[in-house]
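Q: Sharing a structure below in structure tokens format, with a few things to ask.
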Amino acid sequence: MNDDTELLSLTGVVVRIAGLVAVDDVSFSVRRGEILSLIGPNGAGKTTTFNVISGYMRPSAGRVRLFGEDIVGLSADRIARRGLVRSFQRTSVFAGCTVFENVLTALHLQGRTGVWGALTRTRRVRTEEAALRRQAGELLEGLSLTGRADELASSLSYGEQRLLGVGLALAARPRLLLLDEPAAGLNPSETSLFKDMVRRIRDSGITVLLVEHDMHMVMSVSDRIVVLNHGRLVASGAPAQIQQDPEVIRAYLGSGLRRAQA
Ligand SMILES: Nc1ncnc2c1ncn2[C@@H]1O[C@H](COP(=O)(O)OP(=O)(O)OP(=O)(O)O)[C@@H](O)[C@H]1O
Ligand SMILES: [Mg+2]
């Protein structure tokens, strides 16, 4: 690694989908401990970039390095095991389970106990189970969902389901967490809860790469911002810089950015 604060780096990444260039020669890096937001208008290539980083899509060209190692060609599962975990643009919780069971199941998927251990229920398994239940409780507390723990996930509001979705990603104990539009469809009070949560995640030592359309949220939580437009990187820098970048304003932000500054 050229710089040991660099967790993830993309170099010259290109993604062609059905004759269209969805990501066009994009290079940027994510530093340890920061919240980096990837923004841009609909169709700019943000989700495609996430797909490449998390191993759901192979780039047509370019390099992706995680903790200094090339990860192009690794499966999503192997990349997740290296500490890069993503939440999806759409909600994905187990609707038929309670909120607590959702988190517990996600924690179990990370647990060390194999099937045999679980069947024989040794003392070590019981101790581990108790530890996981405690962790599930802590996770729900961090998401302000303790009061809903015993309700079915399907009975949660849309915003609460999104929060729970992030909780499931956190259960995988990421070192780098990718969030794709976590605040989409949330009401203002849920959005503000989310903002605090993203900061707390960062403060707990997890680096965050965020895709989000809510400019208030982006400008207030991000340490740095990368702007894509038509698949190309058009600007990168601190929020104050991005808000004043004439190319960014012209390219797409316009009135949305001015509202965020107001
Ligand atoms: N599976 C696919 N098949 C065909 N075209 C695709 C596919 N996935 C993405 N694209 C195209 O690639 C481009 C980038 O899409 P992408 O979903 O990455 O944008 P985005 O920045 O995430 O947009 P949004 O803000 O709407 O989520 C778009 O032109 C899109 O239509
Ligand atoms: Mg998208």
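How things are named: the first chain in the structure tokens is A, the next is B, and so on; residues count from 1 in each chain; ligands count from 1 in the order shown.
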When the cut-off is 7 Å and you count only C-alpha atoms and all ligand atoms, which residues lie near ligand 2, shown as number ranges by chain?
A: A: 42-43, 46-47, 89, 180
Q: How about saving the chosen residues, C-alpha atoms kept, as a PDB file, in the first residue's frame?
A:
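Output below, filename selection.pdb:
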```pdb
ATOM      1  CA  ASN A  42     -29.607   9.258 -11.144  1.00  0.00           C
ATOM      2  CA  GLY A  43     -27.716   6.939 -13.438  1.00  0.00           C
ATOM      3  CA  LYS A  46     -22.865   5.098  -8.000  1.00  0.00           C
ATOM      4  CA  THR A  47     -24.528   1.713  -7.450  1.00  0.00           C
ATOM      5  CA  GLN A  89     -30.428   0.270  -1.999  1.00  0.00           C
ATOM      6  CA  ASP A 180     -26.409   2.710  -0.638  1.00  0.00           C
TER       7      ASP A 180
END
```
Q: Which polymer residues have any atom within 8 Å of an atom of A:Ala183, counting only C-alpha atoms, with same-chain residues fewer than 5 positions away left out, as number ranges by chain?
A: A: 159, 162, 190-191, 194, 212, 214
Q: Which neighbours of stretch 29-33 of chain A fall inside 8 Å, counting only C-alpha atoms, when residues of the same chain fewer than 2 positions from it are skipped, and could you give them as a tab-separated table (two decimals) with C-alpha atoms, in the first residue's frame?
A:
```
chain	number	residue	atom	x	y	z
A	5	THR	CA	-4.32	5.17	5.80
A	6	GLU	CA	-5.81	4.02	2.49
A	7	LEU	CA	-8.35	1.23	3.02
A	8	LEU	CA	-9.75	1.02	-0.47
A	9	SER	CA	-8.58	2.38	-3.78
A	10	LEU	CA	-10.03	2.35	-7.25
A	27	SER	CA	-10.11	6.58	-9.55
A	35	ILE	CA	-17.03	9.03	5.98
A	36	LEU	CA	-16.67	9.37	2.21
A	202	ARG	CA	-17.58	6.07	12.05
A	203	ASP	CA	-16.66	7.02	15.63
A	205	GLY	CA	-13.79	2.84	14.13
A	206	ILE	CA	-15.67	1.66	11.04
A	207	THR	CA	-14.88	3.51	7.82
A	208	VAL	CA	-18.01	4.45	5.87
A	209	LEU	CA	-18.57	4.82	2.12
```
Q: Residues at most 8 Å from ligand 1, using only C-alpha atoms and all ligand atoms? Could they come as a list of chain:residue names?
A: A:Ile17, A:Ala18, A:Leu20, A:Val21, A:Ala22, A:Val23, A:Ile39, A:Gly40, A:Pro41, A:Asn42, A:Gly43, A:Ala44, A:Gly45, A:Lys46, A:Thr47, A:Thr48, A:Thr49, A:Phe50, A:Gln89, A:Glu181, A:His213, A:Leu228, A:His230, A:Gly231
Q: For the atom pair atom CA of A:Val13 and atom CA of A:Arg199, what is the interatomic distance in Å to one decimal place?
A: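 Straight-line distance from atom CA of A:Val13 to atom CA of A:Arg199 works out to 28.5 Å.
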Q: Write out as JSON, numbers by chain all residues of stretch 20-258 of chain A that DSSP puts in helix (DSSP H, G or I) for this structure's backbone.
A: {"A": [46, 47, 48, 49, 50, 51, 52, 53, 76, 77, 78, 79, 80, 81, 99, 100, 101, 102, 103, 104, 105, 106, 107, 108, 109, 110, 115, 116, 117, 118, 119, 120, 123, 124, 125, 126, 127, 128, 129, 130, 131, 132, 133, 134, 135, 136, 137, 138, 139, 140, 141, 142, 146, 147, 148, 153, 154, 155, 158, 159, 160, 161, 162, 163, 164, 165, 166, 167, 168, 169, 170, 171, 188, 189, 190, 191, 192, 193, 194, 195, 196, 197, 198, 199, 200, 201, 202, 203, 215, 216, 217, 218, 219, 220, 221, 239, 240, 241, 242, 243, 244, 246, 247, 248, 249, 250, 251, 252, 253, 254, 255, 256, 257, 258]}
Q: Of the candidates A:Val14, A:Ala184, A:Leu163, A:Ala80, which one gets nearest to A:Glu141 if we count only C-alpha atoms?
A: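 For A:Glu141, the nearest of the candidates is A:Leu163.
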Q: Can you list, as a list in words, every protein, DNA or RNA residue that comes within 9 Å of A:Ile79 when you count only C-alpha atoms, leaving out same-chain residues fewer than 4 positions away?
A: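 Neighbouring residues, sequence-local ones excluded: Ile53, Ser54, Gly55, Leu66, Ile71, Leu74, Ser75, Gly83, Leu84 and Val85 of chain A.
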Q: Please, what distance in Å, to one decimal, runs between atom CA of A:Val248 and atom CA of A:Ala235?
A: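 Atom CA of A:Ala235 lies 6.8 Å from atom CA of A:Val248.
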Q: I need the residues in stretch 51-247 of chain A that are strand (DSSP E) according to DSSP; give them as a ChimeraX atom specification.
A: /A:61-66,69-70,84-87,176-180,207-211,224-229,232-237
Q: Do you have the atom CA of A:Val227-atom CA of A:Val15 distance handy?
A: 16.8 Å
Q: Go through A:Ser222, A:Asn102, A:Ser60, A:Gln244 and flag the residue nearest A:Gly165, using only C-alpha atoms for the distances.
A: A:Asn102
